[in-house]
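S.K.: Structure file final.pdb (PDB, C-alpha atoms) right here:
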```
ATOM      1  CA  MET L   1      22.133  18.372 -10.496
ATOM      2  CA  THR L   2      22.401  14.763  -9.411
ATOM      3  CA  SER L   3      19.125  12.922  -8.963
ATOM      4  CA  PRO L   4      18.496  11.048  -5.743
ATOM      5  CA  ARG L   5      19.510   7.421  -6.149
ATOM      6  CA  PHE L   6      17.311   4.422  -5.471
ATOM      7  CA  GLU L   7      19.299   2.856  -2.634
ATOM      8  CA  ALA L   8      17.082   0.479  -0.672
ATOM      9  CA  VAL L   9      13.626  -1.020  -0.328
ATOM     10  CA  THR L  10      12.477  -1.032   3.284
ATOM     11  CA  ILE L  11       9.820  -3.467   4.470
ATOM     12  CA  ASP L  12       7.945  -2.929   7.723
ATOM     13  CA  CYS L  13       7.623  -6.219   9.573
ATOM     14  CA  ARG L  14       6.793  -7.953  12.817
ATOM     15  CA  ASP L  15       9.921 -10.126  13.017
ATOM     16  CA  LYS L  16      12.935  -8.802  11.159
ATOM     17  CA  HIS L  17      15.084 -11.859  11.871
ATOM     18  CA  ALA L  18      12.550 -14.331  10.543
ATOM     19  CA  LEU L  19      11.907 -12.267   7.455
ATOM     20  CA  ALA L  20      15.617 -11.691   6.827
ATOM     21  CA  THR L  21      16.200 -15.441   7.017
ATOM     22  CA  PHE L  22      13.558 -16.002   4.363
ATOM     23  CA  TRP L  23      14.775 -13.309   1.978
ATOM     24  CA  CYS L  24      18.469 -14.132   2.406
ATOM     25  CA  ALA L  25      17.795 -17.751   1.522
ATOM     26  CA  LEU L  26      15.570 -16.876  -1.429
ATOM     27  CA  LEU L  27      17.834 -14.246  -2.965
ATOM     28  CA  GLY L  28      21.114 -15.857  -1.997
ATOM     29  CA  THR L  29      22.492 -13.076   0.155
ATOM     30  CA  THR L  30      23.484 -12.392   3.757
ATOM     31  CA  VAL L  31      22.831  -9.910   6.543
ATOM     32  CA  ARG L  32      24.852  -6.707   6.197
ATOM     33  CA  GLY L  33      24.113  -5.299   9.615
ATOM     34  CA  GLU L  34      21.592  -4.632  12.307
ATOM     35  CA  PHE L  35      20.932  -1.445  14.195
ATOM     36  CA  GLY L  36      18.038  -1.005  16.563
ATOM     37  CA  GLN L  37      14.814  -1.841  14.767
ATOM     38  CA  TYR L  38      16.591  -2.063  11.388
ATOM     39  CA  LEU L  39      18.224  -5.030   9.739
ATOM     40  CA  GLY L  40      19.788  -4.643   6.309
ATOM     41  CA  LEU L  41      20.857  -7.251   3.773
ATOM     42  CA  HIS L  42      23.741  -7.097   1.359
ATOM     43  CA  ALA L  43      22.548  -6.428  -2.174
ATOM     44  CA  ALA L  44      22.157  -9.803  -3.878
ATOM     45  CA  THR L  45      23.476  -8.291  -7.105
ATOM     46  CA  GLU L  46      26.477  -5.953  -6.913
ATOM     47  CA  GLY L  47      25.317  -2.343  -6.997
ATOM     48  CA  HIS L  48      21.634  -3.209  -6.589
ATOM     49  CA  PRO L  49      19.429  -1.596  -3.977
ATOM     50  CA  ARG L  50      19.488  -3.396  -0.648
ATOM     51  CA  LEU L  51      16.559  -4.816   1.271
ATOM     52  CA  VAL L  52      16.047  -3.440   4.768
ATOM     53  CA  PHE L  53      13.610  -4.794   7.349
ATOM     54  CA  GLN L  54      12.188  -2.419   9.911
ATOM     55  CA  GLN L  55      10.571  -4.111  12.868
ATOM     56  CA  VAL L  56       7.512  -2.242  14.117
ATOM     57  CA  ASP L  57       5.230  -2.919  17.068
ATOM     58  CA  HIS L  58       2.082  -2.440  15.068
ATOM     59  CA  LEU L  59       1.876  -2.805  11.319
ATOM     60  CA  ASP L  60      -0.199   0.083  10.099
ATOM     61  CA  GLU L  61      -2.245  -1.627   7.408
ATOM     62  CA  GLY L  62      -3.404   1.710   6.053
ATOM     63  CA  ARG L  63       0.055   2.595   4.810
ATOM     64  CA  SER L  64       2.166   0.566   2.488
ATOM     65  CA  ARG L  65       4.446  -1.869   4.269
ATOM     66  CA  VAL L  66       7.096  -1.402   1.583
ATOM     67  CA  HIS L  67       8.782   1.846   0.648
ATOM     68  CA  LEU L  68      11.708   3.083  -1.413
ATOM     69  CA  ASP L  69      14.762   4.729   0.098
ATOM     70  CA  LEU L  70      16.600   7.233  -2.071
ATOM     71  CA  ASP L  71      20.092   8.504  -1.369
ATOM     72  CA  THR L  72      20.467  12.240  -1.789
ATOM     73  CA  GLU L  73      23.493  14.498  -2.108
ATOM     74  CA  ASP L  74      21.404  17.516  -1.067
ATOM     75  CA  LEU L  75      18.447  16.855   1.195
ATOM     76  CA  GLU L  76      16.924  20.331   0.990
ATOM     77  CA  ALA L  77      17.289  20.663  -2.773
ATOM     78  CA  ASP L  78      15.839  17.203  -3.443
ATOM     79  CA  THR L  79      12.997  17.850  -1.013
ATOM     80  CA  ALA L  80      12.163  21.077  -2.832
ATOM     81  CA  ARG L  81      12.378  19.278  -6.155
ATOM     82  CA  ALA L  82      10.074  16.486  -5.017
ATOM     83  CA  VAL L  83       7.548  18.915  -3.520
ATOM     84  CA  ALA L  84       7.541  20.972  -6.734
ATOM     85  CA  LEU L  85       6.717  17.741  -8.564
ATOM     86  CA  GLY L  86       3.744  17.032  -6.325
ATOM     87  CA  ALA L  87       5.171  15.213  -3.316
ATOM     88  CA  SER L  88       4.428  16.173   0.257
ATOM     89  CA  VAL L  89       6.673  16.098   3.295
ATOM     90  CA  VAL L  90       5.464  13.642   5.924
ATOM     91  CA  GLN L  91       8.064  13.975   8.642
ATOM     92  CA  ASP L  92      11.681  14.462   9.566
ATOM     93  CA  VAL L  93      13.219  11.541  11.344
ATOM     94  CA  THR L  94      16.371  11.515  13.428
ATOM     95  CA  ASP L  95      17.388   8.074  14.482
ATOM     96  CA  PHE L  96      20.763   6.936  15.741
ATOM     97  CA  GLY L  97      22.190  10.337  14.918
ATOM     98  CA  VAL L  98      21.163  10.159  11.274
ATOM     99  CA  GLN L  99      18.579  12.541   9.904
ATOM    100  CA  TRP L 100      16.363  11.749   6.976
ATOM    101  CA  ARG L 101      13.023  12.809   5.618
ATOM    102  CA  THR L 102       9.883  10.866   4.782
ATOM    103  CA  LEU L 103       7.812  12.101   1.858
ATOM    104  CA  ALA L 104       4.741  10.865   0.034
ATOM    105  CA  ASP L 105       4.520  10.774  -3.737
ATOM    106  CA  PRO L 106       1.422  12.246  -5.449
ATOM    107  CA  GLU L 107      -0.598   9.101  -4.651
ATOM    108  CA  GLY L 108       0.575   8.838  -1.065
ATOM    109  CA  ASN L 109       3.280   6.178  -1.500
ATOM    110  CA  LEU L 110       5.907   6.853   1.134
ATOM    111  CA  PHE L 111       9.581   7.206   0.275
ATOM    112  CA  CYS L 112      12.578   8.464   2.207
ATOM    113  CA  LEU L 113      15.304  10.882   1.209
ATOM    114  CA  VAL L 114      18.462   9.878   3.042
ATOM    115  CA  PRO L 115      21.649  11.982   2.999
ATOM    116  CA  ALA L 116      24.286   9.892   1.231
ATOM    117  CA  GLY L 117      27.191   8.619   3.265
TER     118      GLY L 117
ATOM    119  CA  MET X   1      21.283 -23.101  -8.532
ATOM    120  CA  THR X   2      20.766 -19.503  -9.509
ATOM    121  CA  SER X   3      18.720 -17.414  -7.103
ATOM    122  CA  PRO X   4      15.833 -15.383  -8.432
ATOM    123  CA  ARG X   5      16.977 -11.856  -9.197
ATOM    124  CA  PHE X   6      15.422  -8.665  -7.853
ATOM    125  CA  GLU X   7      14.278  -7.131 -11.136
ATOM    126  CA  ALA X   8      11.587  -4.540 -10.477
ATOM    127  CA  VAL X   9       9.503  -2.784  -7.853
ATOM    128  CA  THR X  10       5.866  -2.559  -8.900
ATOM    129  CA  ILE X  11       3.592   0.106  -7.446
ATOM    130  CA  ASP X  12      -0.188  -0.157  -7.681
ATOM    131  CA  CYS X  13      -1.663   3.206  -8.555
ATOM    132  CA  ARG X  14      -4.675   5.126  -9.731
ATOM    133  CA  ASP X  15      -2.958   7.074 -12.527
ATOM    134  CA  LYS X  16       0.147   5.467 -13.966
ATOM    135  CA  HIS X  17       0.969   8.395 -16.246
ATOM    136  CA  ALA X  18       0.844  10.987 -13.504
ATOM    137  CA  LEU X  19       2.909   8.845 -11.166
ATOM    138  CA  ALA X  20       5.427   7.985 -13.878
ATOM    139  CA  THR X  21       5.860  11.687 -14.615
ATOM    140  CA  PHE X  22       6.638  12.340 -10.962
ATOM    141  CA  TRP X  23       9.103   9.467 -10.557
ATOM    142  CA  CYS X  24      10.848  10.040 -13.903
ATOM    143  CA  ALA X  25      11.470  13.657 -12.980
ATOM    144  CA  LEU X  26      12.623  12.840  -9.462
ATOM    145  CA  LEU X  27      14.966   9.996 -10.400
ATOM    146  CA  GLY X  28      16.087  11.395 -13.726
ATOM    147  CA  THR X  29      14.861   8.601 -15.954
ATOM    148  CA  THR X  30      12.365   7.997 -18.746
ATOM    149  CA  VAL X  31       9.513   5.684 -19.649
ATOM    150  CA  ARG X  32      10.685   2.340 -21.017
ATOM    151  CA  GLY X  33       7.332   1.122 -22.249
ATOM    152  CA  GLU X  34       3.663   0.734 -21.619
ATOM    153  CA  PHE X  35       1.500  -2.320 -21.999
ATOM    154  CA  GLY X  36      -2.092  -2.475 -20.889
ATOM    155  CA  GLN X  37      -2.319  -1.461 -17.251
ATOM    156  CA  TYR X  38       1.478  -1.500 -16.862
ATOM    157  CA  LEU X  39       3.960   1.279 -17.408
ATOM    158  CA  GLY X  40       7.651   0.642 -16.790
ATOM    159  CA  LEU X  41      10.540   3.062 -16.380
ATOM    160  CA  HIS X  42      14.120   2.610 -17.427
ATOM    161  CA  ALA X  43      16.343   1.893 -14.454
ATOM    162  CA  ALA X  44      17.787   5.210 -13.318
ATOM    163  CA  THR X  45      21.090   3.491 -12.566
ATOM    164  CA  GLU X  46      22.411   0.966 -15.059
ATOM    165  CA  GLY X  47      21.584  -2.558 -13.935
ATOM    166  CA  HIS X  48      19.282  -1.425 -11.124
ATOM    167  CA  PRO X  49      15.772  -2.776 -10.670
ATOM    168  CA  ARG X  50      13.172  -0.845 -12.629
ATOM    169  CA  LEU X  51      10.064   0.847 -11.313
ATOM    170  CA  VAL X  52       6.775  -0.348 -12.779
ATOM    171  CA  PHE X  53       3.386   1.279 -12.252
ATOM    172  CA  GLN X  54       0.302  -0.883 -12.393
ATOM    173  CA  GLN X  55      -2.917   1.044 -12.764
ATOM    174  CA  VAL X  56      -5.779  -0.560 -10.871
ATOM    175  CA  ASP X  57      -9.441   0.390 -10.625
ATOM    176  CA  HIS X  58      -9.557   0.056  -6.877
ATOM    177  CA  LEU X  59      -6.531   0.290  -4.636
ATOM    178  CA  ASP X  60      -6.874  -2.495  -2.142
ATOM    179  CA  GLU X  61      -5.642  -0.764   0.989
ATOM    180  CA  GLY X  62      -5.404  -4.053   2.816
ATOM    181  CA  ARG X  63      -2.522  -5.230   0.684
ATOM    182  CA  SER X  64       0.719  -3.459   0.140
ATOM    183  CA  ARG X  65       0.672  -1.123  -2.829
ATOM    184  CA  VAL X  66       4.333  -1.874  -3.507
ATOM    185  CA  HIS X  67       5.820  -5.266  -4.283
ATOM    186  CA  LEU X  68       9.060  -6.781  -5.499
ATOM    187  CA  ASP X  69       9.365  -8.595  -8.814
ATOM    188  CA  LEU X  70      12.003 -11.293  -9.033
ATOM    189  CA  ASP X  71      13.258 -12.783 -12.284
ATOM    190  CA  THR X  72      13.549 -16.554 -12.223
ATOM    191  CA  GLU X  73      15.325 -19.027 -14.474
ATOM    192  CA  ASP X  74      13.099 -21.852 -13.187
ATOM    193  CA  LEU X  75       9.628 -20.883 -12.006
ATOM    194  CA  GLU X  76       8.710 -24.245 -10.492
ATOM    195  CA  ALA X  77      12.021 -24.745  -8.697
ATOM    196  CA  ASP X  78      12.020 -21.236  -7.254
ATOM    197  CA  THR X  79       8.384 -21.584  -6.213
ATOM    198  CA  ALA X  80       9.215 -24.812  -4.377
ATOM    199  CA  ARG X  81      12.219 -23.161  -2.794
ATOM    200  CA  ALA X  82      10.196 -20.163  -1.627
ATOM    201  CA  VAL X  83       7.407 -22.342  -0.248
ATOM    202  CA  ALA X  84       9.918 -24.513   1.618
ATOM    203  CA  LEU X  85      11.211 -21.303   3.183
ATOM    204  CA  GLY X  86       7.759 -20.297   4.397
ATOM    205  CA  ALA X  87       6.182 -18.471   1.465
ATOM    206  CA  SER X  88       2.734 -19.245   0.140
ATOM    207  CA  VAL X  89       1.457 -19.220  -3.410
ATOM    208  CA  VAL X  90      -1.239 -16.595  -3.949
ATOM    209  CA  GLN X  91      -2.098 -16.999  -7.609
ATOM    210  CA  ASP X  92      -0.907 -17.705 -11.113
ATOM    211  CA  VAL X  93      -1.333 -14.832 -13.494
ATOM    212  CA  THR X  94      -1.342 -14.949 -17.275
ATOM    213  CA  ASP X  95      -1.405 -11.539 -18.833
ATOM    214  CA  PHE X  96      -0.506 -10.596 -22.396
ATOM    215  CA  GLY X  97       0.723 -14.130 -22.985
ATOM    216  CA  VAL X  98       3.195 -14.029 -20.128
ATOM    217  CA  GLN X  99       2.746 -16.264 -17.141
ATOM    218  CA  TRP X 100       4.015 -15.427 -13.689
ATOM    219  CA  ARG X 101       3.237 -16.298 -10.121
ATOM    220  CA  THR X 102       2.341 -14.175  -7.110
ATOM    221  CA  LEU X 103       3.555 -15.379  -3.721
ATOM    222  CA  ALA X 104       3.467 -13.998  -0.201
ATOM    223  CA  ASP X 105       6.484 -14.020   2.068
ATOM    224  CA  PRO X 106       6.098 -15.324   5.654
ATOM    225  CA  GLU X 107       4.532 -12.030   6.772
ATOM    226  CA  GLY X 108       2.228 -11.714   3.795
ATOM    227  CA  ASN X 109       4.241  -9.269   1.685
ATOM    228  CA  LEU X 110       3.465 -10.036  -1.945
ATOM    229  CA  PHE X 111       6.179 -10.683  -4.505
ATOM    230  CA  CYS X 112       6.138 -12.072  -8.029
ATOM    231  CA  LEU X 113       8.288 -14.710  -9.647
ATOM    232  CA  VAL X 114       8.588 -13.870 -13.320
ATOM    233  CA  PRO X 115      10.229 -16.200 -15.854
ATOM    234  CA  ALA X 116      13.296 -14.363 -17.153
ATOM    235  CA  GLY X 117      13.297 -13.182 -20.735
TER     236      GLY X 117
END
```
Show me this structure written as structure tokens.
M.R.:
Amino acid sequence: MTSPRFEAVTIDCRDKHALATFWCALLGTTVRGEFGQYLGLHAATEGHPRLVFQQVDHLDEGRSRVHLDLDTEDLEADTARAVALGASVVQDVTDFGVQWRTLADPEGNLFCLVPAG
Amino acid sequence: MTSPRFEAVTIDCRDKHALATFWCALLGTTVRGEFGQYLGLHAATEGHPRLVFQQVDHLDEGRSRVHLDLDTEDLEADTARAVALGASVVQDVTDFGVQWRTLADPEGNLFCLVPAG
């Protein structure tokens, strides 16, 4: 079975354009695209995970403002695998017609399983 | 000038062994090494950033528990570049004979500049 693949690091933020400007200039990359509250950068190194900025109205300081996004070939199987390892399901999200799932690792660090493609 | 390179994602945690076990099993990778409070995994995908777990006595919930580590060829030049872009220097750290620098991006997200090698 294929493991889910570390695909992006998503950072909650107040101003996704300002933060993207900073990180693009620092890492030497450019904006890949923008959709609703999300703004993604091209990977600075070919094949690397991308940075994504998610603009939120209120930063919830109690949760981490950074999380990992993992691509999955099989959402249900990888969810079951993660839960068997000690993760917990936080919520299902459907946004812009795409469905993914937020989980928390055994210490509560959030990560998302996103169907590949 | 070479941009600093996204090299690792470091996660503060209470139990680095337990968390490493979870993430190794989920991503299909293995432990690369352990040094003091740090435990690093091999990149699950060749050339990808690595995950590093940093065991801390007290999780400071006010700061993000996840941060990016960037390799740099020139610590002072990349610090100046980041500060000119709106970052601020948080602290210099010397641990196990290695010196690196913690900065905060314009919204306060911590990241480290680590001399390459």
S.K.: Take the PyMOL selection byres ((chain X and resi 89) around 7), apply it to the structure above, and return the hits as a list in words.
M.R.: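 With the shown file as input, the PyMOL selection byres ((chain X and resi 89) around 7) matches Ala87, Ser88, Val90, Gln91, Thr102, Leu103 and Ala104 of chain X.
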S.K.: On this structure, which residues satisfy the PyMOL selection byres ((chain L and resi 75) around 9), written as a PyMOL selection string?
M.R.: chain L and resi 71-74+76-80+100-101+113-115
S.K.: Mind telling me what the PyMOL selection byres ((chain X) within 6 of (chain L)) catches here, as a list in words?
M.R.: Ser3, Pro4, Phe22, Leu27, Gly28, His48, Ser64, Arg65, Val66 and Leu85 of chain X
S.K.: For a quick check of understanding, using all atoms listed in the file, which of L:Phe53, L:Gly117, L:His58, L:Asp92 has the smallest distance to Ala8 (chain L)?
M.R.: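 That would be L:Phe53, the residue with the smallest distance to Ala8 (chain L).
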S.K.: Between CA of Asp69 (chain L) and CA of Gly36 (chain X), what distance in Å does the model show, to one decimal?
M.R.: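 Spanning CA of Asp69 (chain L) to CA of Gly36 (chain X) is a straight-line distance of 27.9 Å.
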S.K.: Could you tell me how far CA of Gln37 (chain L) sits from CA of Gln55 (chain L), in Å to one decimal place?
M.R.: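 Between these atoms lies a distance of 5.2 Å.
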S.K.: Find the distance between CA of Lys16 (chain X) and CA of Asp57 (chain X) and write it in Å to one decimal.
M.R.: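 Straight-line distance from CA of Lys16 (chain X) to CA of Asp57 (chain X) works out to 11.4 Å.
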S.K.: Render region 5-33 of chain L from the structure in the preceding block as a file of N, CA, C and O atoms, as a tab-separated table (two decimals), in the first residue's frame.
M.R.:
```tsv
chain	number	residue	atom	x	y	z
L	5	ARG	N	1.48	11.01	0.95
L	5	ARG	CA	2.68	11.75	0.58
L	5	ARG	C	2.59	13.18	1.11
L	5	ARG	O	1.56	13.84	0.97
L	6	PHE	N	3.67	13.61	1.72
L	6	PHE	CA	3.78	14.96	2.27
L	6	PHE	C	3.78	15.95	1.10
L	6	PHE	O	4.74	16.03	0.35
L	7	GLU	N	2.69	16.68	0.95
L	7	GLU	CA	2.45	17.45	-0.27
L	7	GLU	C	2.51	18.97	-0.07
L	7	GLU	O	2.86	19.71	-0.97
L	8	ALA	N	2.15	19.43	1.10
L	8	ALA	CA	2.13	20.88	1.33
L	8	ALA	C	2.22	21.18	2.82
L	8	ALA	O	1.92	20.33	3.66
L	9	VAL	N	2.67	22.37	3.13
L	9	VAL	CA	2.58	22.91	4.49
L	9	VAL	C	1.65	24.11	4.40
L	9	VAL	O	1.90	25.03	3.60
L	10	THR	N	0.58	24.09	5.16
L	10	THR	CA	-0.40	25.17	5.12
L	10	THR	C	-0.28	26.03	6.37
L	10	THR	O	-0.21	25.51	7.48
L	11	ILE	N	-0.24	27.33	6.16
L	11	ILE	CA	-0.06	28.28	7.25
L	11	ILE	C	-1.30	29.17	7.34
L	11	ILE	O	-1.65	29.86	6.39
L	12	ASP	N	-1.98	29.10	8.48
L	12	ASP	CA	-3.10	30.02	8.72
L	12	ASP	C	-2.55	31.44	8.84
L	12	ASP	O	-1.49	31.65	9.45
L	13	CYS	N	-3.25	32.40	8.31
L	13	CYS	CA	-2.72	33.78	8.36
L	13	CYS	C	-3.83	34.81	8.29
L	13	CYS	O	-4.98	34.49	7.98
L	14	ARG	N	-3.45	36.02	8.57
L	14	ARG	CA	-4.39	37.15	8.51
L	14	ARG	C	-4.42	37.76	7.11
L	14	ARG	O	-5.43	38.27	6.67
L	15	ASP	N	-3.28	37.78	6.43
L	15	ASP	CA	-3.18	38.44	5.13
L	15	ASP	C	-2.34	37.56	4.20
L	15	ASP	O	-1.12	37.60	4.22
L	16	LYS	N	-3.03	36.76	3.41
L	16	LYS	CA	-2.31	35.78	2.59
L	16	LYS	C	-1.44	36.43	1.52
L	16	LYS	O	-0.40	35.89	1.15
L	17	HIS	N	-1.86	37.60	1.03
L	17	HIS	CA	-1.04	38.25	0.00
L	17	HIS	C	0.27	38.78	0.58
L	17	HIS	O	1.34	38.63	-0.01
L	18	ALA	N	0.16	39.41	1.73
L	18	ALA	CA	1.37	39.96	2.35
L	18	ALA	C	2.35	38.84	2.72
L	18	ALA	O	3.57	38.96	2.50
L	19	LEU	N	1.80	37.76	3.25
L	19	LEU	CA	2.67	36.67	3.67
L	19	LEU	C	3.26	35.95	2.46
L	19	LEU	O	4.44	35.56	2.46
L	20	ALA	N	2.47	35.81	1.41
L	20	ALA	CA	3.00	35.18	0.19
L	20	ALA	C	4.12	36.01	-0.41
L	20	ALA	O	5.11	35.48	-0.90
L	21	THR	N	3.98	37.32	-0.36
L	21	THR	CA	5.03	38.20	-0.89
L	21	THR	C	6.34	37.96	-0.14
L	21	THR	O	7.41	37.84	-0.74
L	22	PHE	N	6.23	37.89	1.18
L	22	PHE	CA	7.42	37.64	2.00
L	22	PHE	C	8.07	36.31	1.65
L	22	PHE	O	9.26	36.22	1.36
L	23	TRP	N	7.28	35.24	1.66
L	23	TRP	CA	7.85	33.91	1.48
L	23	TRP	C	8.34	33.67	0.05
L	23	TRP	O	9.33	32.98	-0.17
L	24	CYS	N	7.64	34.24	-0.93
L	24	CYS	CA	8.12	34.13	-2.31
L	24	CYS	C	9.50	34.78	-2.45
L	24	CYS	O	10.41	34.22	-3.08
L	25	ALA	N	9.64	35.96	-1.87
L	25	ALA	CA	10.91	36.68	-1.99
L	25	ALA	C	12.02	35.94	-1.24
L	25	ALA	O	13.16	35.86	-1.71
L	26	LEU	N	11.69	35.39	-0.08
L	26	LEU	CA	12.72	34.72	0.71
L	26	LEU	C	13.16	33.41	0.07
L	26	LEU	O	14.35	33.10	0.01
L	27	LEU	N	12.22	32.64	-0.43
L	27	LEU	CA	12.54	31.32	-0.97
L	27	LEU	C	12.86	31.35	-2.46
L	27	LEU	O	13.35	30.37	-3.01
L	28	GLY	N	12.55	32.49	-3.09
L	28	GLY	CA	12.81	32.56	-4.53
L	28	GLY	C	11.82	31.77	-5.34
L	28	GLY	O	12.18	30.99	-6.22
L	29	THR	N	10.53	31.97	-5.05
L	29	THR	CA	9.51	31.28	-5.82
L	29	THR	C	8.37	32.24	-6.15
L	29	THR	O	8.49	33.45	-5.91
L	30	THR	N	7.31	31.72	-6.74
L	30	THR	CA	6.22	32.57	-7.21
L	30	THR	C	4.88	31.94	-6.82
L	30	THR	O	4.80	30.77	-6.43
L	31	VAL	N	3.83	32.74	-6.95
L	31	VAL	CA	2.48	32.26	-6.63
L	31	VAL	C	2.02	31.28	-7.71
L	31	VAL	O	2.15	31.54	-8.91
L	32	ARG	N	1.49	30.15	-7.26
L	32	ARG	CA	0.99	29.11	-8.16
L	32	ARG	C	-0.47	29.37	-8.49
L	32	ARG	O	-0.91	29.19	-9.62
L	33	GLY	N	-1.23	29.78	-7.49
L	33	GLY	CA	-2.63	30.03	-7.73
L	33	GLY	C	-3.35	30.44	-6.47
L	33	GLY	O	-2.82	30.31	-5.36
```
